[in-house]
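Colleague: Got a structure for you, written out below as structure tokens; questions coming shortly.
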Amino acid sequence: MEKLSPFFILCCLLLLSACEQSMILETELDIPQPIDTILPLDVAIFYKKSLREYIYSENNDDRRNWAITIGPSQIAIFDQVLPSMFSNIEVIDNLDEAKYQNYNAIIVPEIKDIQFALPYETKTKVHETWIKYIIRIQGADGEFITDLNLTGYGKSQPNTSIDFLLDEREGLVISTNEAYRDLAAKIIVSFQSDPIIKKWLDAKSK
Amino acid sequence: MFIFFSRILIITFIIFNIVGCNTVTTIDEHKFATNIQLDDKESIVLLGRRHLNQHETELDYVSCVGKQLSIGKGKLNVIPEQQFIDSMYPYFEASTAPMNVKKIDKLIQNPNVSKKLAAYNIHYFIWIQGNTKTIEKSGAISCVGGPAGCFGFATWEDEAIYEAKIWDLKNLSISGKIYTKTQGTSFLPAVILPIPFLARVQSDACDGMAAQLKQLIN
């Protein structure tokens with residue numbers, strides 16, 4: 001039998017991989033610049049490795065080889081909104097480091113869950129995304145202040161080309177970015193309206 | 001045979017043009033303030049309510065009413081919805097927008113929000129809630145060998161219900177409300193070729209709402 005050349009094998013592998021359905025997406029952040037409502041606080045933020053490198057993955061009959069990179073967009077959300085909320089923001093690499101600094105609070109965000117819904121699953125014409133977050137607020141010494149449970153929701157508009165094309169990628173990019181926008185808005189508004197944070201701020205200002 | 005079908009097509013076209021696609025619009029108005037006046041330098045902003053997922057006000061309806069208000073006799077200064085929402089981020093998103101006048105009072109205590117609103121010189125917020133839905137469908141069309149071989153008849157009824165609430169930003173009160181309901185039936189007869197006769201339900205609701213708002217705000 002004649003030996004197959006490596007080039008021929010590589011071409012076959014490429015063709016096979018192209019035939020398999022897969023969804024590899026990198027989401028990007030596109031939200032407006034928030035209106036400044038700056039609280040006079042020195043705040044540190046700690047991004048866990050699980051958040052920084054968060055990739056939503058799924059592999060089943062309906063969603064073959066899904067890998068949606070979420071992590072970098074989460075860092076971008078906080079990088080964009082926190083300067084509009086606090087007078088000083090610093091990113092820390094570990095929580096122990098914060099004990100020796102005079103931060104008023106430390107923020108530790110964590111993704112709890114992500115869900116996607118596709119038009120054929122919900123019998124609607126839209127793609128939908130939910131991102132569930134827990135944002136822990138604690139003192140520099142580790143003292144627990146509160147957990148903010150927030151869900152960002154986004155959907156694609158039905159009157160786009162998605163209607164006809166059913167382009168999964170385009171629909172998911174739009175709905176995920178809308179979810180980021182909603183989440184970022186809720187982070188800002190929650191800091192101004194959450195009763196426990198208000199009480200904590202009042203106690204600090206006395 | 002061809003002449004026979006052509007005649008049927010022409011007769012169907014004439015009949016549906018005469019009897020079909022009519023819309024009926026009902027407008028109801030409640031004026032709370034004696035004067036809803038806007039001077040030349042002041043603006044209004046129209047915003048759709050989108051906090052209920054299944055009952056969101058369509059972006060194109062809000063933009064249609066805005067466009068109608070900003071042209072013709074008695075035109076008003078209208079700030080485009082998306083431009084306003086983006087510039088006021090994050091306070092007018094679907095999940096964070098003020099649901100009543102009291103909440104807007106609280107919001108304008110934020111000096112940066114108040115400064116932005118002052119730069120727009122907004123006197124009135126107009127919140128639009130409602131949508132257009134198909135409420136009834138009947139008939140069927142079957143096509144054999146592509147669209148050039150269809151036969152049948154389908155009809156559907158659309159209903160557009162919208163309510164506009166006018167908030168006076170300067171006096172922090174509700175100045176008026178307008179309710180509009182439009183119904184219309186569309187037809188799709190198919191004799192060889194399907195020919196749609198569409199009722200302009202949403203655009204009639206838009207025209208009705210805009211005309212009433214123009215009359216109310218002067």
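If you're wondering about the labels, chains in the structure tokens are A, B, ... by order shown, residues count from 1 in each chain, ligands from 1 in order shown.
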With a distance cut-off of 8 Å and only C-alpha atoms, select the neighbouring residues of region 112-116 of chain B, excluding the residue or stretch itself and same-chain residues fewer than 4 positions from it, and output the selection as number ranges by chain.

Modeller: A: 35-37; B: 88, 107-108, 120

Colleague: Now that the selection is made, can you save its residues with C-alpha atoms as a PDB file, in the first residue's frame?

Modeller:
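Writing done, so here's again.pdb:
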```
ATOM      1  CA  ILE A  35     -22.157  58.961  34.256  1.00  0.00           C
ATOM      2  CA  ASP A  36     -19.800  59.544  37.188  1.00  0.00           C
ATOM      3  CA  THR A  37     -21.294  59.111  40.643  1.00  0.00           C
TER       4      THR A  37
ATOM      5  CA  MET B  88     -27.580  58.788  30.538  1.00  0.00           C
ATOM      6  CA  LEU B 107     -32.433  60.697  40.238  1.00  0.00           C
ATOM      7  CA  ILE B 108     -32.058  64.399  39.515  1.00  0.00           C
ATOM      8  CA  TYR B 120     -30.575  68.589  26.808  1.00  0.00           C
TER       9      TYR B 120
END
```

Colleague: Name the residues of region 36-168 of chain A that come out as strand (DSSP E) in a backbone DSSP run; write them as a PyMOL selection string.

Modeller: chain A and resi 39-46+55-58+66-69+86-92+105-117+128-138+144-155

Colleague: I need the chain B residues near chain A as a list in words; criterion: at most 9 Å, counting only C-alpha atoms.

Modeller: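 Only these qualify: Asp86, Ser87, Met88, Tyr89, Pro90, Tyr91, Glu93, Ala94, Ser95, Thr96, Asn110, Pro111, Asn112 and Val113 of chain B.
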
Colleague: Residues within 12 Å of Asn149 (chain A), please, as a PDB file with C-alpha atoms, in the first residue's frame. Count only C-alpha atoms; anything in the same chain fewer than 6 positions from it doesn't count.

Modeller:
```pdb
ATOM      1  CA  PRO A 109     -16.706  39.360  41.746  1.00  0.00           C
ATOM      2  CA  GLU A 110     -17.578  35.807  40.788  1.00  0.00           C
ATOM      3  CA  ILE A 111     -19.677  34.340  37.971  1.00  0.00           C
ATOM      4  CA  LYS A 112     -22.246  31.971  39.407  1.00  0.00           C
ATOM      5  CA  ASP A 113     -23.947  30.805  36.241  1.00  0.00           C
ATOM      6  CA  ILE A 131     -25.159  36.015  33.458  1.00  0.00           C
ATOM      7  CA  LYS A 132     -25.580  35.460  37.172  1.00  0.00           C
ATOM      8  CA  TYR A 133     -23.053  37.109  39.444  1.00  0.00           C
ATOM      9  CA  ILE A 134     -22.178  37.245  43.120  1.00  0.00           C
ATOM     10  CA  ILE A 135     -20.180  40.328  44.009  1.00  0.00           C
ATOM     11  CA  ARG A 136     -18.703  40.074  47.475  1.00  0.00           C
ATOM     12  CA  ILE A 137     -17.952  43.298  49.303  1.00  0.00           C
ATOM     13  CA  LEU A 183     -25.032  43.757  34.370  1.00  0.00           C
ATOM     14  CA  LYS A 186     -26.996  46.958  37.795  1.00  0.00           C
ATOM     15  CA  ILE A 187     -23.549  46.996  39.443  1.00  0.00           C
ATOM     16  CA  SER A 190     -26.884  48.543  43.242  1.00  0.00           C
ATOM     17  CA  PHE A 191     -23.991  50.336  44.926  1.00  0.00           C
ATOM     18  CA  ASP A 194     -28.509  48.508  48.225  1.00  0.00           C
TER      19      ASP A 194
END
```

Colleague: Residues at most 8 Å from region 83-93 of chain A, counting only C-alpha atoms, excluding those fewer than 2 positions away in the same chain, as a ChimeraX atom specification?

Modeller: /A:34-47,79-81,95,97-98,188

Colleague: Can you pull out the residues contacting Lys103 (chain B)? Cut-off 12 Å, using only C-alpha atoms, and skip same-chain residues under 2 positions away; I want them as a short mmCIF file (atom, residue, chain, number, x, y, z; two decimals) with C-alpha atoms, in the first residue's frame.

Modeller:
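around15.cif, written as the output of this step:
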```
data_model
loop_
_atom_site.label_atom_id
_atom_site.label_comp_id
_atom_site.auth_asym_id
_atom_site.auth_seq_id
_atom_site.Cartn_x
_atom_site.Cartn_y
_atom_site.Cartn_z
CA SER A 193 -29.36 51.71 46.33
CA TYR B 91 -29.96 55.26 34.65
CA PHE B 92 -32.40 54.74 31.75
CA THR B 96 -32.96 50.66 35.88
CA ALA B 97 -35.23 53.33 34.37
CA PRO B 98 -37.42 55.27 36.83
CA MET B 99 -40.92 53.80 36.97
CA ASN B 100 -42.63 56.84 38.45
CA VAL B 101 -42.16 60.58 38.82
CA ASP B 105 -37.02 63.34 41.53
CA LYS B 106 -34.51 61.16 43.37
CA LEU B 107 -32.43 60.70 40.24
CA ILE B 108 -32.06 64.40 39.51
CA GLN B 109 -30.56 64.88 42.95
CA ASN B 110 -27.46 63.32 41.43
CA TRP B 167 -44.02 63.48 32.73
CA LEU B 169 -39.65 67.24 34.49
CA LEU B 172 -42.21 66.69 38.65
CA SER B 173 -45.75 65.64 37.86
#
```

Colleague: Quick one: residues within 8 Å of His30 (chain B), only C-alpha atoms counted, chain neighbours fewer than 6 positions away excluded, as a ChimeraX atom specification?

Modeller: /B:176-178

Colleague: Write down as a PyMOL selection string the residues belonging to region 3-166 of chain A that are assigned helix (DSSP H, G or I) by DSSP computed on the backbone.

Modeller: chain A and resi 6-19+49-52+71-84+95-98+119-122+162-165

Colleague: Do a neighbour search on region 69-73 of chain A at 8 Å with only C-alpha atoms, toss out local chain neighbours closer than 5 positions, and write the hits as a compact mmCIF listing (two decimals) with N, CA and C atoms, in the first residue's frame.

Modeller:
```txt
# COMPACT_ATOMS: atom_id res chain seq x y z
N ILE A 24 -16.94 28.62 18.71
CA ILE A 24 -15.85 29.19 19.50
C ILE A 24 -15.98 30.70 19.37
N LEU A 25 -16.32 31.34 20.47
CA LEU A 25 -16.62 32.77 20.44
C LEU A 25 -15.78 33.53 21.45
N GLU A 26 -15.34 34.71 21.06
CA GLU A 26 -14.70 35.58 22.04
C GLU A 26 -15.56 36.82 22.13
N THR A 27 -16.12 37.07 23.29
CA THR A 27 -17.02 38.21 23.41
C THR A 27 -16.21 39.47 23.73
N GLU A 28 -16.74 40.59 23.28
CA GLU A 28 -16.06 41.86 23.55
C GLU A 28 -17.05 42.81 24.20
N LEU A 29 -16.51 43.75 24.96
CA LEU A 29 -17.38 44.68 25.67
C LEU A 29 -17.62 45.94 24.84
N LEU A 51 -12.46 33.72 37.32
CA LEU A 51 -13.17 34.77 36.59
C LEU A 51 -12.35 35.23 35.38
N ARG A 52 -11.06 35.46 35.63
CA ARG A 52 -10.18 35.93 34.55
C ARG A 52 -10.20 34.99 33.34
N GLU A 53 -10.26 33.69 33.66
CA GLU A 53 -10.11 32.72 32.56
C GLU A 53 -11.42 32.00 32.27
N TYR A 54 -12.51 32.64 32.59
CA TYR A 54 -13.81 31.96 32.45
C TYR A 54 -14.15 31.66 30.98
N ILE A 55 -14.36 30.40 30.71
CA ILE A 55 -14.81 29.99 29.37
C ILE A 55 -16.07 29.15 29.56
N TYR A 56 -17.14 29.57 28.93
CA TYR A 56 -18.37 28.78 29.00
C TYR A 56 -18.25 27.66 27.97
```
